[in-house]
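*Asks:* Sharing structure31.pdb below, PDB, C-alpha atoms, pLDDT in the B column:
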```pdb
ATOM      1  CA  MET P   1      -1.444  80.057   4.829  1.00 66.00           C
ATOM      2  CA  PRO P   2       1.963  79.382   3.171  1.00 73.00           C
ATOM      3  CA  VAL P   3       3.009  75.848   2.304  1.00 69.00           C
ATOM      4  CA  PHE P   4       6.589  74.756   2.852  1.00 67.00           C
ATOM      5  CA  ARG P   5       8.009  71.832   0.964  1.00 63.00           C
ATOM      6  CA  VAL P   6      11.388  70.389   1.830  1.00 62.00           C
ATOM      7  CA  GLU P   7      13.295  68.646  -0.897  1.00 67.00           C
ATOM      8  CA  LYS P   8      15.878  66.440   0.716  1.00 63.00           C
ATOM      9  CA  VAL P   9      18.993  65.415  -1.092  1.00 72.00           C
ATOM     10  CA  LYS P  10      19.039  61.708  -1.675  1.00 76.00           C
ATOM     11  CA  ASP P  11      21.910  59.468  -2.575  1.00 78.00           C
ATOM     12  CA  TYR P  12      24.753  61.330  -0.886  1.00 80.00           C
ATOM     13  CA  THR P  13      27.909  60.144   0.835  1.00 82.00           C
ATOM     14  CA  ILE P  14      29.485  61.157   4.126  1.00 83.00           C
ATOM     15  CA  MET P  15      33.166  60.338   4.527  1.00 85.00           C
ATOM     16  CA  PRO P  16      36.121  61.653   6.504  1.00 88.00           C
ATOM     17  CA  ASN P  17      38.449  64.165   4.873  1.00 90.00           C
ATOM     18  CA  THR P  18      41.647  62.428   5.953  1.00 89.00           C
ATOM     19  CA  HIS P  19      42.251  60.668   2.662  1.00 91.00           C
ATOM     20  CA  LEU P  20      41.502  63.848   0.727  1.00 91.00           C
ATOM     21  CA  ARG P  21      44.169  65.705   2.703  1.00 91.00           C
ATOM     22  CA  ASN P  22      46.733  62.925   2.490  1.00 92.00           C
ATOM     23  CA  ARG P  23      49.508  64.344   0.319  1.00 92.00           C
ATOM     24  CA  GLN P  24      50.977  60.890  -0.215  1.00 92.00           C
ATOM     25  CA  LEU P  25      47.996  59.814  -2.354  1.00 95.00           C
ATOM     26  CA  SER P  26      47.627  60.712  -6.005  1.00 96.00           C
ATOM     27  CA  LEU P  27      44.498  62.458  -7.186  1.00 96.00           C
ATOM     28  CA  ARG P  28      43.440  59.289  -9.008  1.00 96.00           C
ATOM     29  CA  ALA P  29      43.738  57.257  -5.792  1.00 96.00           C
ATOM     30  CA  LYS P  30      41.723  59.829  -3.856  1.00 96.00           C
ATOM     31  CA  GLY P  31      39.002  59.805  -6.498  1.00 95.00           C
ATOM     32  CA  LEU P  32      38.745  56.029  -6.705  1.00 96.00           C
ATOM     33  CA  LEU P  33      38.660  55.727  -2.920  1.00 95.00           C
ATOM     34  CA  CYS P  34      35.849  58.309  -2.772  1.00 94.00           C
ATOM     35  CA  GLN P  35      33.929  56.375  -5.396  1.00 93.00           C
ATOM     36  CA  MET P  36      34.439  53.071  -3.587  1.00 92.00           C
ATOM     37  CA  LEU P  37      33.280  54.615  -0.295  1.00 91.00           C
ATOM     38  CA  SER P  38      30.189  56.025  -2.001  1.00 90.00           C
ATOM     39  CA  LEU P  39      28.980  52.657  -3.271  1.00 87.00           C
ATOM     40  CA  PRO P  40      26.468  50.656  -1.196  1.00 84.00           C
ATOM     41  CA  PRO P  41      27.860  48.306   1.481  1.00 78.00           C
ATOM     42  CA  GLU P  42      26.586  45.239  -0.363  1.00 81.00           C
ATOM     43  CA  TRP P  43      28.479  46.233  -3.514  1.00 82.00           C
ATOM     44  CA  ASN P  44      30.724  43.441  -4.775  1.00 79.00           C
ATOM     45  CA  PHE P  45      34.041  44.993  -5.827  1.00 78.00           C
ATOM     46  CA  THR P  46      36.048  43.469  -8.631  1.00 84.00           C
ATOM     47  CA  LEU P  47      38.857  45.049 -10.590  1.00 88.00           C
ATOM     48  CA  GLN P  48      36.932  44.428 -13.805  1.00 91.00           C
ATOM     49  CA  GLY P  49      33.805  46.005 -12.292  1.00 90.00           C
ATOM     50  CA  LEU P  50      35.699  49.120 -11.219  1.00 92.00           C
ATOM     51  CA  ALA P  51      37.226  49.374 -14.695  1.00 93.00           C
ATOM     52  CA  TYR P  52      33.752  49.007 -16.222  1.00 93.00           C
ATOM     53  CA  ILE P  53      32.197  51.883 -14.251  1.00 91.00           C
ATOM     54  CA  ASN P  54      35.206  54.169 -14.829  1.00 93.00           C
ATOM     55  CA  LYS P  55      37.054  55.556 -17.815  1.00 93.00           C
ATOM     56  CA  GLU P  56      40.345  53.980 -16.715  1.00 93.00           C
ATOM     57  CA  GLY P  57      41.269  50.530 -17.875  1.00 94.00           C
ATOM     58  CA  LEU P  58      42.050  47.442 -15.842  1.00 94.00           C
ATOM     59  CA  ASP P  59      45.785  48.189 -15.607  1.00 96.00           C
ATOM     60  CA  ALA P  60      45.173  51.716 -14.303  1.00 96.00           C
ATOM     61  CA  ILE P  61      42.644  50.474 -11.733  1.00 95.00           C
ATOM     62  CA  THR P  62      45.104  47.786 -10.589  1.00 94.00           C
ATOM     63  CA  THR P  63      47.851  50.402 -10.167  1.00 96.00           C
ATOM     64  CA  ILE P  64      45.558  52.668  -8.132  1.00 96.00           C
ATOM     65  CA  ILE P  65      44.421  49.754  -5.941  1.00 95.00           C
ATOM     66  CA  HIS P  66      48.072  48.899  -5.202  1.00 95.00           C
ATOM     67  CA  GLU P  67      48.707  52.545  -4.251  1.00 96.00           C
ATOM     68  CA  LEU P  68      45.745  52.520  -1.869  1.00 95.00           C
ATOM     69  CA  GLU P  69      46.918  49.203  -0.457  1.00 94.00           C
ATOM     70  CA  ARG P  70      50.414  50.575   0.245  1.00 95.00           C
ATOM     71  CA  ALA P  71      48.822  53.614   1.931  1.00 95.00           C
ATOM     72  CA  GLY P  72      46.686  51.399   4.202  1.00 94.00           C
ATOM     73  CA  TYR P  73      43.244  52.201   2.792  1.00 94.00           C
ATOM     74  CA  ILE P  74      42.741  48.739   1.301  1.00 92.00           C
ATOM     75  CA  THR P  75      43.697  45.323   2.629  1.00 91.00           C
ATOM     76  CA  ARG P  76      43.807  42.171   0.566  1.00 87.00           C
ATOM     77  CA  ASN P  77      43.000  38.656   1.744  1.00 87.00           C
ATOM     78  CA  ARG P  78      43.219  35.505  -0.361  1.00 87.00           C
ATOM     79  CA  ILE P  79      40.256  33.161   0.005  1.00 87.00           C
ATOM     80  CA  ARG P  80      40.841  29.396  -0.064  1.00 87.00           C
ATOM     81  CA  ASP P  81      38.354  26.756  -1.142  1.00 87.00           C
ATOM     82  CA  GLU P  82      37.534  23.561   0.753  1.00 88.00           C
ATOM     83  CA  LYS P  83      40.652  21.880  -0.693  1.00 86.00           C
ATOM     84  CA  GLY P  84      42.896  24.672   0.565  1.00 85.00           C
ATOM     85  CA  LEU P  85      43.595  26.126  -2.873  1.00 86.00           C
ATOM     86  CA  PHE P  86      43.598  29.875  -3.466  1.00 85.00           C
ATOM     87  CA  ARG P  87      40.434  30.816  -5.361  1.00 84.00           C
ATOM     88  CA  GLU P  88      39.688  34.503  -5.071  1.00 82.00           C
ATOM     89  CA  MET P  89      40.904  37.754  -3.593  1.00 81.00           C
ATOM     90  CA  GLU P  90      38.921  39.654  -0.963  1.00 82.00           C
ATOM     91  CA  TYR P  91      39.549  43.385  -0.634  1.00 84.00           C
ATOM     92  CA  THR P  92      38.486  45.436   2.383  1.00 88.00           C
ATOM     93  CA  VAL P  93      38.150  49.197   1.866  1.00 90.00           C
ATOM     94  CA  TYR P  94      38.648  51.547   4.836  1.00 91.00           C
ATOM     95  CA  SER P  95      37.623  55.193   5.099  1.00 88.00           C
ATOM     96  CA  SER P  96      40.809  55.987   7.003  1.00 89.00           C
ATOM     97  CA  SER P  97      44.246  54.475   6.693  1.00 90.00           C
ATOM     98  CA  LYS P  98      45.189  51.534   8.868  1.00 88.00           C
ATOM     99  CA  LEU P  99      48.806  52.708   8.901  1.00 85.00           C
ATOM    100  CA  ASN P 100      49.990  55.011  11.670  1.00 60.00           C
ATOM    101  CA  ASP P 101      51.767  57.388   9.315  1.00 47.00           C
ATOM    102  CA  SER P 102      49.036  57.769   6.701  1.00 41.00           C
ATOM    103  CA  PHE P 103      48.380  61.472   7.256  1.00 44.00           C
ATOM    104  CA  GLY P 104      52.004  62.490   7.270  1.00 47.00           C
ATOM    105  CA  ASN P 105      52.431  62.435  11.039  1.00 45.00           C
ATOM    106  CA  ASN P 106      55.690  60.565  10.753  1.00 47.00           C
ATOM    107  CA  PRO P 107      58.903  62.585  10.743  1.00 44.00           C
ATOM    108  CA  ILE P 108      60.896  62.740   7.545  1.00 47.00           C
ATOM    109  CA  THR P 109      63.984  60.614   8.008  1.00 49.00           C
ATOM    110  CA  GLU P 110      65.537  61.162   4.603  1.00 57.00           C
ATOM    111  CA  ASN P 111      68.643  63.360   4.743  1.00 58.00           C
ATOM    112  CA  PRO P 112      68.186  64.612   8.300  1.00 58.00           C
ATOM    113  CA  THR P 113      69.893  67.878   9.183  1.00 60.00           C
ATOM    114  CA  PRO P 114      70.805  68.471  12.822  1.00 59.00           C
ATOM    115  CA  ASP P 115      69.769  71.793  14.330  1.00 63.00           C
ATOM    116  CA  ASN P 116      73.069  72.571  16.065  1.00 64.00           C
ATOM    117  CA  PRO P 117      75.823  70.382  14.701  1.00 60.00           C
ATOM    118  CA  THR P 118      78.857  70.004  16.907  1.00 62.00           C
ATOM    119  CA  LEU P 119      82.242  70.490  15.321  1.00 63.00           C
ATOM    120  CA  ASP P 120      84.930  68.373  16.883  1.00 67.00           C
ATOM    121  CA  PHE P 121      88.564  68.400  16.002  1.00 65.00           C
ATOM    122  CA  PRO P 122      89.613  64.977  14.827  1.00 63.00           C
ATOM    123  CA  THR P 123      92.372  63.355  16.833  1.00 64.00           C
ATOM    124  CA  GLN P 124      95.293  62.208  14.819  1.00 66.00           C
ATOM    125  CA  GLY P 125      97.153  59.195  15.963  1.00 68.00           C
ATOM    126  CA  LYS P 126     100.740  58.341  15.144  1.00 70.00           C
ATOM    127  CA  PRO P 127     100.857  57.085  11.602  1.00 65.00           C
ATOM    128  CA  MET P 128     102.318  53.639  11.173  1.00 68.00           C
ATOM    129  CA  GLN P 129     105.620  53.395   9.338  1.00 63.00           C
TER
END
```
Mind turning the file's structure into structure tokens?

*Replies:*
Amino acid sequence: MPVFRVEKVKDYTIMPNTHLRNRQLSLRAKGLLCQMLSLPPEWNFTLQGLAYINKEGLDAITTIIHELERAGYITRNRIRDEKGLFREMEYTVYSSSKLNDSFGNNPITENPTPDNPTLDFPTQGKPMQ
């Protein structure tokens, strides 16, 4: 009688494709977001920690985080201590953008061109003397 053994893949990540198809994000931002989404939920994110587990330095990681924040994939919240002083920064990472126009669904408003422009003849008044 044959024996079947199933080897299951362990340690894999399931995530939506929306951020991968977002043309507004750089490839570096897409890659870092994928890495952040693949880490365990109890993972404590710090900029120094992300720089440590990647080839990029702290400045590059900070730039990418700001890009993801502008795109709505990361939100930042400042934590206060019992005296009301700012102590640390808390980042929340989302698998899809919290902005409405993250996937390019917003119309382009730069340099709009009308479909059928109307040509009117300007009216000339009497010039003042």

*Asks:* Go through P:Ala71, P:Leu47, P:Ile53, P:Ile61 and flag the residue nearest Arg23 in chain P, using all atoms listed in the file for the distances.

*Replies:*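 Residue with the minimum atom-to-atom distance to Arg23 in chain P: P:Ala71.
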
*Asks:* Can you tell me how far CA of Glu67 in chain P sits from CA of Leu25 in chain P, in Å to one decimal?

*Replies:*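 Taking CA of Glu67 in chain P as the start and CA of Leu25 in chain P as the end point, the length is 7.5 Å.
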
*Asks:* Distance CA of Leu27 in chain P-CA of Thr63 in chain P, one decimal place?

*Replies:* 12.9 Å

*Asks:* What gap, in Å, lies between CA of Phe45 in chain P and CA of Ile79 in chain P?

*Replies:*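 Answer for the CA of Phe45 in chain P to CA of Ile79 in chain P separation: 14.6 Å.
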
*Asks:* For the file shown, report as a PDB file with C-alpha atoms, keeping the file's coordinate frame the outcome of the PyMOL selection byres ((chain P and resi 90) around 8) at residue level.

*Replies:*
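So out_28.pdb came out as:
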```pdb
ATOM      1  CA  ARG P  76      43.807  42.171   0.566  1.00 87.00           C
ATOM      2  CA  ASN P  77      43.000  38.656   1.744  1.00 87.00           C
ATOM      3  CA  ARG P  78      43.219  35.505  -0.361  1.00 87.00           C
ATOM      4  CA  ILE P  79      40.256  33.161   0.005  1.00 87.00           C
ATOM      5  CA  GLU P  88      39.688  34.503  -5.071  1.00 82.00           C
ATOM      6  CA  MET P  89      40.904  37.754  -3.593  1.00 81.00           C
ATOM      7  CA  TYR P  91      39.549  43.385  -0.634  1.00 84.00           C
ATOM      8  CA  THR P  92      38.486  45.436   2.383  1.00 88.00           C
TER       9      THR P  92
END
```

*Asks:* Tell me, as a ChimeraX atom specification, which residues lie within 10 Å of Ala60 in chain P, counting all atoms listed in the file; anything in the same chain fewer than 4 positions away does not count.

*Replies:* /P:28,47,51,55-56,64-66

*Asks:* Just C-alpha atoms for this one: save the residues we selected as a short mmCIF file (atom, residue, chain, number, x, y, z; two decimals), in the frame of the given file.

*Replies:*
```cif
data_model
loop_
_atom_site.label_atom_id
_atom_site.label_comp_id
_atom_site.auth_asym_id
_atom_site.auth_seq_id
_atom_site.Cartn_x
_atom_site.Cartn_y
_atom_site.Cartn_z
CA ARG P 28 43.44 59.29 -9.01
CA LEU P 47 38.86 45.05 -10.59
CA ALA P 51 37.23 49.37 -14.70
CA LYS P 55 37.05 55.56 -17.82
CA GLU P 56 40.34 53.98 -16.72
CA ILE P 64 45.56 52.67 -8.13
CA ILE P 65 44.42 49.75 -5.94
CA HIS P 66 48.07 48.90 -5.20
#
```

*Asks:* As a list in words, please: the residues near Ser95 in chain P (cut-off 12 Å, all atoms listed in the file, same-chain neighbours under 6 positions excluded).

*Replies:*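 Result of the neighbour search: Thr13, Ile14, Met15, Pro16, Asn17, Thr18, His19, Leu20, Lys30, Leu32, Leu33, Cys34, Gln35, Met36, Leu37, Ser38, Leu68, Ala71, Gly72, Tyr73, Ile74, Thr75 and Ser102 of chain P.
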
*Asks:* Find, counting only C-alpha atoms, the residue in P:Leu39, P:Tyr94, P:Lys126, P:Pro2 that gets nearest to Glu69 in chain P.

*Replies:*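 Of all the options, P:Tyr94 lies closest to Glu69 in chain P.
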
*Asks:* Kindly indicate which residue among P:Asp81, P:Gly57, P:Gly31, P:Pro40 lies nearest to Asp11 in chain P, using all atoms listed in the file for the distances.

*Replies:*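 Among P:Asp81, P:Gly57, P:Gly31, P:Pro40, it is P:Pro40 that comes nearest to Asp11 in chain P.
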